[in-house]
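Asker: Below you'll find entry_31.txt; it's compact mmCIF, N, CA and C atoms.
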# COMPACT_ATOMS: atom_id res chain seq x y z
N MET A 1 -21.77 4.33 148.18
CA MET A 1 -21.29 4.92 146.93
C MET A 1 -19.83 5.31 147.09
N ARG A 2 -18.99 4.86 146.22
CA ARG A 2 -17.58 5.22 146.26
C ARG A 2 -17.39 6.64 145.76
N LEU A 3 -16.38 7.30 146.30
CA LEU A 3 -16.13 8.68 145.91
C LEU A 3 -15.82 8.81 144.43
N THR A 4 -15.24 7.80 143.83
CA THR A 4 -14.88 7.88 142.42
C THR A 4 -16.12 7.84 141.52
N GLU A 5 -17.29 7.49 142.07
CA GLU A 5 -18.52 7.45 141.29
C GLU A 5 -19.34 8.72 141.43
N ASN A 6 -18.82 9.71 142.16
CA ASN A 6 -19.54 10.95 142.38
C ASN A 6 -19.64 11.73 141.07
N LEU A 7 -20.84 12.20 140.74
CA LEU A 7 -21.08 12.91 139.49
C LEU A 7 -20.94 14.42 139.63
N GLU A 8 -20.80 14.92 140.87
CA GLU A 8 -20.66 16.36 141.10
C GLU A 8 -19.30 16.83 140.58
N THR A 9 -19.29 17.96 139.88
CA THR A 9 -18.04 18.53 139.38
C THR A 9 -18.02 20.02 139.66
N HIS A 10 -16.81 20.58 139.64
CA HIS A 10 -16.62 22.01 139.83
C HIS A 10 -15.60 22.49 138.80
N ALA A 11 -15.73 23.74 138.39
CA ALA A 11 -14.76 24.31 137.46
C ALA A 11 -13.40 24.41 138.15
N CYS A 12 -12.34 24.13 137.40
CA CYS A 12 -10.98 24.20 137.94
C CYS A 12 -10.55 25.67 137.97
N GLN A 13 -10.17 26.14 139.15
CA GLN A 13 -9.72 27.53 139.30
C GLN A 13 -8.28 27.71 138.82
N LYS A 14 -7.55 26.61 138.66
CA LYS A 14 -6.15 26.68 138.24
C LYS A 14 -6.04 26.90 136.72
N CYS A 15 -6.63 25.98 135.92
CA CYS A 15 -6.51 26.08 134.46
C CYS A 15 -7.74 26.75 133.83
N GLN A 16 -8.83 26.81 134.54
CA GLN A 16 -10.08 27.42 134.12
C GLN A 16 -10.67 26.77 132.86
N GLY A 17 -10.20 25.58 132.55
CA GLY A 17 -10.76 24.88 131.39
C GLY A 17 -11.27 23.49 131.75
N GLY A 18 -10.74 22.93 132.80
CA GLY A 18 -11.13 21.59 133.20
C GLY A 18 -12.20 21.58 134.27
N ARG A 19 -12.62 20.37 134.61
CA ARG A 19 -13.62 20.16 135.66
C ARG A 19 -13.00 19.30 136.74
N LYS A 20 -13.25 19.66 138.00
CA LYS A 20 -12.73 18.87 139.12
C LYS A 20 -13.77 17.85 139.54
N HIS A 21 -13.30 16.62 139.71
CA HIS A 21 -14.14 15.50 140.14
C HIS A 21 -13.60 14.98 141.46
N LEU A 22 -14.50 14.56 142.34
CA LEU A 22 -14.08 13.98 143.61
C LEU A 22 -13.59 12.56 143.37
N GLN A 23 -12.34 12.29 143.75
CA GLN A 23 -11.71 10.99 143.57
C GLN A 23 -10.97 10.62 144.85
N THR A 24 -10.56 9.37 144.94
CA THR A 24 -9.66 8.97 146.03
C THR A 24 -8.28 8.76 145.43
N ILE A 25 -7.28 9.37 146.09
CA ILE A 25 -5.90 9.30 145.63
C ILE A 25 -5.02 9.00 146.84
N THR A 26 -3.73 8.82 146.59
CA THR A 26 -2.78 8.64 147.69
C THR A 26 -2.20 10.00 148.05
N LEU A 27 -2.41 10.41 149.29
CA LEU A 27 -1.86 11.66 149.79
C LEU A 27 -0.47 11.38 150.34
N MET A 28 0.49 12.22 149.99
CA MET A 28 1.84 12.12 150.54
C MET A 28 2.19 13.44 151.18
N THR A 29 2.67 13.38 152.42
CA THR A 29 3.05 14.60 153.14
C THR A 29 4.19 14.28 154.09
N TRP A 30 4.94 15.30 154.43
CA TRP A 30 6.05 15.14 155.37
C TRP A 30 5.57 15.46 156.77
N LEU A 31 5.95 14.63 157.71
CA LEU A 31 5.72 14.86 159.14
C LEU A 31 7.09 14.84 159.78
N GLY A 32 7.66 16.03 159.93
CA GLY A 32 9.05 16.12 160.37
C GLY A 32 9.96 15.56 159.29
N ASP A 33 10.74 14.54 159.62
CA ASP A 33 11.64 13.91 158.65
C ASP A 33 11.02 12.67 158.01
N ASP A 34 9.78 12.35 158.37
CA ASP A 34 9.13 11.13 157.88
C ASP A 34 8.12 11.45 156.78
N LEU A 35 8.17 10.65 155.70
CA LEU A 35 7.19 10.78 154.63
C LEU A 35 5.99 9.90 154.99
N ILE A 36 4.82 10.51 155.06
CA ILE A 36 3.59 9.81 155.39
C ILE A 36 2.78 9.64 154.11
N THR A 37 2.30 8.44 153.85
CA THR A 37 1.41 8.21 152.72
C THR A 37 0.07 7.73 153.24
N VAL A 38 -1.00 8.29 152.68
CA VAL A 38 -2.35 7.93 153.08
C VAL A 38 -3.10 7.49 151.82
N PRO A 39 -3.37 6.19 151.67
CA PRO A 39 -4.10 5.72 150.48
C PRO A 39 -5.58 6.06 150.58
N ASP A 40 -6.24 6.10 149.45
CA ASP A 40 -7.69 6.33 149.36
C ASP A 40 -8.12 7.61 150.05
N PHE A 41 -7.38 8.70 149.83
CA PHE A 41 -7.69 9.99 150.43
C PHE A 41 -8.55 10.81 149.46
N PRO A 42 -9.64 11.41 149.93
CA PRO A 42 -10.52 12.15 149.01
C PRO A 42 -9.91 13.47 148.56
N ALA A 43 -10.00 13.73 147.25
CA ALA A 43 -9.48 14.97 146.69
C ALA A 43 -10.26 15.31 145.43
N TRP A 44 -10.35 16.60 145.16
CA TRP A 44 -10.95 17.07 143.91
C TRP A 44 -9.81 17.20 142.91
N VAL A 45 -9.91 16.47 141.80
CA VAL A 45 -8.83 16.41 140.81
C VAL A 45 -9.36 16.92 139.46
N CYS A 46 -8.62 17.84 138.85
CA CYS A 46 -9.01 18.40 137.55
C CYS A 46 -8.75 17.37 136.45
N ASP A 47 -9.73 17.21 135.58
CA ASP A 47 -9.59 16.24 134.49
C ASP A 47 -8.72 16.77 133.34
N LEU A 48 -8.36 18.06 133.37
CA LEU A 48 -7.54 18.62 132.31
C LEU A 48 -6.08 18.83 132.75
N CYS A 49 -5.89 19.55 133.85
CA CYS A 49 -4.51 19.87 134.28
C CYS A 49 -4.02 19.00 135.43
N GLY A 50 -4.92 18.24 136.07
CA GLY A 50 -4.52 17.36 137.16
C GLY A 50 -4.37 18.04 138.51
N HIS A 51 -4.67 19.34 138.59
CA HIS A 51 -4.56 20.04 139.87
C HIS A 51 -5.43 19.35 140.92
N ARG A 52 -4.90 19.26 142.15
CA ARG A 52 -5.60 18.55 143.23
C ARG A 52 -5.94 19.52 144.34
N LEU A 53 -7.14 19.37 144.87
CA LEU A 53 -7.57 20.10 146.04
C LEU A 53 -8.09 19.06 147.02
N TYR A 54 -7.36 18.88 148.12
CA TYR A 54 -7.72 17.84 149.08
C TYR A 54 -8.96 18.24 149.86
N ASP A 55 -9.80 17.27 150.18
CA ASP A 55 -11.03 17.49 150.92
C ASP A 55 -10.72 18.07 152.30
N SER A 56 -11.31 19.22 152.63
CA SER A 56 -10.97 19.92 153.88
C SER A 56 -11.39 19.14 155.12
N HIS A 57 -12.52 18.45 155.07
CA HIS A 57 -12.96 17.65 156.22
C HIS A 57 -11.99 16.49 156.46
N ALA A 58 -11.57 15.83 155.39
CA ALA A 58 -10.63 14.72 155.53
C ALA A 58 -9.27 15.22 156.03
N LEU A 59 -8.85 16.41 155.58
CA LEU A 59 -7.58 16.98 156.08
C LEU A 59 -7.66 17.29 157.57
N ALA A 60 -8.80 17.78 158.02
CA ALA A 60 -8.97 18.07 159.45
C ALA A 60 -8.90 16.79 160.27
N GLN A 61 -9.54 15.73 159.78
CA GLN A 61 -9.48 14.45 160.49
C GLN A 61 -8.06 13.90 160.52
N LEU A 62 -7.35 14.00 159.41
CA LEU A 62 -5.96 13.52 159.35
C LEU A 62 -5.09 14.33 160.31
N SER A 63 -5.31 15.62 160.37
CA SER A 63 -4.54 16.47 161.27
C SER A 63 -4.74 16.05 162.72
N LEU A 64 -5.97 15.69 163.08
CA LEU A 64 -6.23 15.21 164.44
C LEU A 64 -5.50 13.90 164.71
N LEU A 65 -5.50 13.01 163.72
CA LEU A 65 -4.83 11.72 163.89
C LEU A 65 -3.32 11.86 164.04
N LEU A 66 -2.73 12.81 163.32
CA LEU A 66 -1.28 12.99 163.34
C LEU A 66 -0.81 13.93 164.45
N ASN A 67 -1.73 14.56 165.16
CA ASN A 67 -1.39 15.49 166.22
C ASN A 67 -0.73 14.73 167.37
N PRO A 68 0.48 15.11 167.77
CA PRO A 68 1.14 14.40 168.87
C PRO A 68 0.42 14.55 170.19
N GLU A 69 -0.44 15.54 170.34
CA GLU A 69 -1.18 15.76 171.57
C GLU A 69 -2.49 14.97 171.60
N ALA A 70 -2.88 14.36 170.49
CA ALA A 70 -4.14 13.62 170.43
C ALA A 70 -4.10 12.46 171.40
N GLY A 71 -5.14 12.33 172.18
CA GLY A 71 -5.24 11.25 173.14
C GLY A 71 -4.54 11.51 174.46
N THR A 72 -3.87 12.64 174.59
CA THR A 72 -3.20 12.98 175.84
C THR A 72 -4.24 13.48 176.83
N PRO A 73 -4.30 12.87 178.00
CA PRO A 73 -5.29 13.33 178.99
C PRO A 73 -5.02 14.76 179.42
N ILE A 74 -6.09 15.49 179.66
CA ILE A 74 -5.97 16.87 180.12
C ILE A 74 -5.70 16.83 181.62
N GLN A 75 -4.65 17.53 182.04
CA GLN A 75 -4.30 17.59 183.45
C GLN A 75 -4.98 18.80 184.07
N ARG A 76 -5.81 18.56 185.07
CA ARG A 76 -6.47 19.65 185.77
C ARG A 76 -5.84 19.80 187.14
N THR A 77 -5.61 21.03 187.53
CA THR A 77 -5.09 21.29 188.87
C THR A 77 -6.19 21.95 189.68
N LEU A 78 -6.25 21.62 190.93
CA LEU A 78 -7.24 22.19 191.82
C LEU A 78 -6.67 23.42 192.49
N ASN A 79 -7.50 24.45 192.58
CA ASN A 79 -7.08 25.66 193.30
C ASN A 79 -7.06 25.37 194.79
N ASP A 80 -6.30 26.14 195.52
CA ASP A 80 -6.23 25.96 196.97
C ASP A 80 -7.60 26.12 197.62
N SER A 81 -8.49 26.93 197.02
CA SER A 81 -9.81 27.16 197.61
C SER A 81 -10.65 25.89 197.58
N HIS A 82 -10.38 24.98 196.65
CA HIS A 82 -11.15 23.74 196.55
C HIS A 82 -10.71 22.70 197.59
N LYS A 83 -9.59 22.91 198.21
CA LYS A 83 -9.08 21.94 199.18
C LYS A 83 -9.97 21.86 200.42
N ASN A 84 -10.70 22.93 200.69
CA ASN A 84 -11.53 22.98 201.89
C ASN A 84 -12.96 22.51 201.64
N LEU A 85 -13.27 22.00 200.45
CA LEU A 85 -14.61 21.51 200.17
C LEU A 85 -14.88 20.21 200.93
N PRO A 86 -16.14 19.98 201.32
CA PRO A 86 -16.48 18.70 201.94
C PRO A 86 -16.16 17.54 201.01
N ALA A 87 -15.89 16.39 201.55
CA ALA A 87 -15.46 15.22 200.77
C ALA A 87 -16.53 14.76 199.78
N ASN A 88 -17.81 15.04 200.01
CA ASN A 88 -18.85 14.56 199.11
C ASN A 88 -19.13 15.51 197.96
N LEU A 89 -18.44 16.67 197.86
CA LEU A 89 -18.61 17.60 196.76
C LEU A 89 -17.41 17.52 195.82
N SER A 90 -17.69 17.52 194.54
CA SER A 90 -16.62 17.47 193.55
C SER A 90 -16.34 18.88 193.03
N PRO A 91 -15.11 19.36 193.06
CA PRO A 91 -14.80 20.70 192.57
C PRO A 91 -14.92 20.80 191.06
N LEU A 92 -14.93 19.70 190.34
CA LEU A 92 -14.99 19.73 188.87
C LEU A 92 -16.40 19.55 188.33
N ALA A 93 -17.40 19.42 189.16
CA ALA A 93 -18.76 19.20 188.73
C ALA A 93 -19.37 20.45 188.17
Please re-express this file's structure in structure tokens.

Answerer:
Amino acid sequence: MRLTENLETHACQKCQGGRKHLQTITLMTWLGDDLITVPDFPAWVCDLCGHRLYDSHALAQLSLLLNPEAGTPIQRTLNDSHKNLPANLSPLA
């Protein structure tokens, strides 16, 4: 089912006269000096005033994708006390 076919609606808190419907739109945002556009992004859009409320789950996923630290391996350091462990024991287990 496409998001544009969703029948669920909510009252618009902005104009208090329209109804918000879940639709897919193009999200535009700045990332530093770069303009990022994301097509087919889910948002609740008012049918009267056009106010948009972006889907919070989709925003969280986008934030993870745009995070410069995403995919960076975690560096673990061993304490000096772990240096004396037998070779067959793992200090990170």

Asker: Can you tell me how far atom CA of A:Pro42 sits from atom C of A:Ala60, in Å to one decimal?

Answerer: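 Pair atom CA of A:Pro42 / atom C of A:Ala60 returns 12.3 Å.
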
Asker: Excluding stretch 20-32 of chain A and any residue of its chain fewer than 4 positions from it, enumerate the residues within 7 Å of it, using only C-alpha atoms, and give them as a PDB file with N, CA and C atoms, keeping the file's coordinate frame.

Answerer:
ATOM      1  N   LEU A   3     -16.380   7.300 146.300  1.00  0.00           N
ATOM      2  CA  LEU A   3     -16.130   8.680 145.910  1.00  0.00           C
ATOM      3  C   LEU A   3     -15.820   8.810 144.430  1.00  0.00           C
ATOM      4  N   THR A   4     -15.240   7.800 143.830  1.00  0.00           N
ATOM      5  CA  THR A   4     -14.880   7.880 142.420  1.00  0.00           C
ATOM      6  C   THR A   4     -16.120   7.840 141.520  1.00  0.00           C
ATOM      7  N   ASN A   6     -18.820   9.710 142.160  1.00  0.00           N
ATOM      8  CA  ASN A   6     -19.540  10.950 142.380  1.00  0.00           C
ATOM      9  C   ASN A   6     -19.640  11.730 141.070  1.00  0.00           C
ATOM     10  N   GLU A   8     -20.800  14.920 140.870  1.00  0.00           N
ATOM     11  CA  GLU A   8     -20.660  16.360 141.100  1.00  0.00           C
ATOM     12  C   GLU A   8     -19.300  16.830 140.580  1.00  0.00           C
ATOM     13  N   THR A   9     -19.290  17.960 139.880  1.00  0.00           N
ATOM     14  CA  THR A   9     -18.040  18.530 139.380  1.00  0.00           C
ATOM     15  C   THR A   9     -18.020  20.020 139.660  1.00  0.00           C
ATOM     16  N   HIS A  10     -16.810  20.580 139.640  1.00  0.00           N
ATOM     17  CA  HIS A  10     -16.620  22.010 139.830  1.00  0.00           C
ATOM     18  C   HIS A  10     -15.600  22.490 138.800  1.00  0.00           C
ATOM     19  N   ALA A  11     -15.730  23.740 138.390  1.00  0.00           N
ATOM     20  CA  ALA A  11     -14.760  24.310 137.460  1.00  0.00           C
ATOM     21  C   ALA A  11     -13.400  24.410 138.150  1.00  0.00           C
ATOM     22  N   CYS A  12     -12.340  24.130 137.400  1.00  0.00           N
ATOM     23  CA  CYS A  12     -10.980  24.200 137.940  1.00  0.00           C
ATOM     24  C   CYS A  12     -10.550  25.670 137.970  1.00  0.00           C
ATOM     25  N   ILE A  36       4.820  10.510 155.060  1.00  0.00           N
ATOM     26  CA  ILE A  36       3.590   9.810 155.390  1.00  0.00           C
ATOM     27  C   ILE A  36       2.780   9.640 154.110  1.00  0.00           C
ATOM     28  N   THR A  37       2.300   8.440 153.850  1.00  0.00           N
ATOM     29  CA  THR A  37       1.410   8.210 152.720  1.00  0.00           C
ATOM     30  C   THR A  37       0.070   7.730 153.240  1.00  0.00           C
ATOM     31  N   VAL A  38      -1.000   8.290 152.680  1.00  0.00           N
ATOM     32  CA  VAL A  38      -2.350   7.930 153.080  1.00  0.00           C
ATOM     33  C   VAL A  38      -3.100   7.490 151.820  1.00  0.00           C
ATOM     34  N   PRO A  39      -3.370   6.190 151.670  1.00  0.00           N
ATOM     35  CA  PRO A  39      -4.100   5.720 150.480  1.00  0.00           C
ATOM     36  C   PRO A  39      -5.580   6.060 150.580  1.00  0.00           C
ATOM     37  N   ASP A  40      -6.240   6.100 149.450  1.00  0.00           N
ATOM     38  CA  ASP A  40      -7.690   6.330 149.360  1.00  0.00           C
ATOM     39  C   ASP A  40      -8.120   7.610 150.050  1.00  0.00           C
ATOM     40  N   PHE A  41      -7.380   8.700 149.830  1.00  0.00           N
ATOM     41  CA  PHE A  41      -7.690   9.990 150.430  1.00  0.00           C
ATOM     42  C   PHE A  41      -8.550  10.810 149.460  1.00  0.00           C
ATOM     43  N   PRO A  42      -9.640  11.410 149.930  1.00  0.00           N
ATOM     44  CA  PRO A  42     -10.520  12.150 149.010  1.00  0.00           C
ATOM     45  C   PRO A  42      -9.910  13.470 148.560  1.00  0.00           C
ATOM     46  N   ALA A  43     -10.000  13.730 147.250  1.00  0.00           N
ATOM     47  CA  ALA A  43      -9.480  14.970 146.690  1.00  0.00           C
ATOM     48  C   ALA A  43     -10.260  15.310 145.430  1.00  0.00           C
ATOM     49  N   TRP A  44     -10.350  16.600 145.160  1.00  0.00           N
ATOM     50  CA  TRP A  44     -10.950  17.070 143.910  1.00  0.00           C
ATOM     51  C   TRP A  44      -9.810  17.200 142.910  1.00  0.00           C
ATOM     52  N   VAL A  45      -9.910  16.470 141.800  1.00  0.00           N
ATOM     53  CA  VAL A  45      -8.830  16.410 140.810  1.00  0.00           C
ATOM     54  C   VAL A  45      -9.360  16.920 139.460  1.00  0.00           C
ATOM     55  N   CYS A  46      -8.620  17.840 138.850  1.00  0.00           N
ATOM     56  CA  CYS A  46      -9.010  18.400 137.550  1.00  0.00           C
ATOM     57  C   CYS A  46      -8.750  17.370 136.450  1.00  0.00           C
ATOM     58  N   ASP A  47      -9.730  17.210 135.580  1.00  0.00           N
ATOM     59  CA  ASP A  47      -9.590  16.240 134.490  1.00  0.00           C
ATOM     60  C   ASP A  47      -8.720  16.770 133.340  1.00  0.00           C
TER      61      ASP A  47
END

Asker: For the atom pair atom N of A:Gln61 and atom C of A:Arg19, what is the interatomic distance in Å to one decimal place?

Answerer: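 Between atom N of A:Gln61 and atom C of A:Arg19 the gap works out to 23.6 Å.
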
Asker: One decimal, Å: what's the distance from atom N of A:Arg52 over to atom N of A:Leu7, could you say?

Answerer: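 Separation between atom N of A:Arg52 and atom N of A:Leu7: 17.5 Å.
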
Asker: Determine the nearest neighbour of A:Lys14 from the options A:Glu69, A:His57, A:Ser63, A:Cys49, counting all atoms listed in the file.

Answerer: A:Cys49

Asker: Mind the document's chain letters and residue numbers, and return as an MDAnalysis selection string the residues of stretch 4-63 of chain A that DSSP labels strand (DSSP E).

Answerer: chainID A and resid 9:11 19:31 34:46 52:54

Asker: Determine which residues of stretch 39-73 of chain A DSSP labels as helix (DSSP H, G or I) from the backbone of this structure, then write them out as a compact mmCIF listing (two decimals) with N, CA and C atoms, in the frame of the given file.

Answerer:
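result-v1.txt written:
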# COMPACT_ATOMS: atom_id res chain seq x y z
N SER A 56 -11.31 19.22 152.63
CA SER A 56 -10.97 19.92 153.88
C SER A 56 -11.39 19.14 155.12
N HIS A 57 -12.52 18.45 155.07
CA HIS A 57 -12.96 17.65 156.22
C HIS A 57 -11.99 16.49 156.46
N ALA A 58 -11.57 15.83 155.39
CA ALA A 58 -10.63 14.72 155.53
C ALA A 58 -9.27 15.22 156.03
N LEU A 59 -8.85 16.41 155.58
CA LEU A 59 -7.58 16.98 156.08
C LEU A 59 -7.66 17.29 157.57
N ALA A 60 -8.80 17.78 158.02
CA ALA A 60 -8.97 18.07 159.45
C ALA A 60 -8.90 16.79 160.27
N GLN A 61 -9.54 15.73 159.78
CA GLN A 61 -9.48 14.45 160.49
C GLN A 61 -8.06 13.90 160.52
N LEU A 62 -7.35 14.00 159.41
CA LEU A 62 -5.96 13.52 159.35
C LEU A 62 -5.09 14.33 160.31
N SER A 63 -5.31 15.62 160.37
CA SER A 63 -4.54 16.47 161.27
C SER A 63 -4.74 16.05 162.72
N LEU A 64 -5.97 15.69 163.08
CA LEU A 64 -6.23 15.21 164.44
C LEU A 64 -5.50 13.90 164.71
N LEU A 65 -5.50 13.01 163.72
CA LEU A 65 -4.83 11.72 163.89
C LEU A 65 -3.32 11.86 164.04
N LEU A 66 -2.73 12.81 163.32
CA LEU A 66 -1.28 12.99 163.34
C LEU A 66 -0.81 13.93 164.45
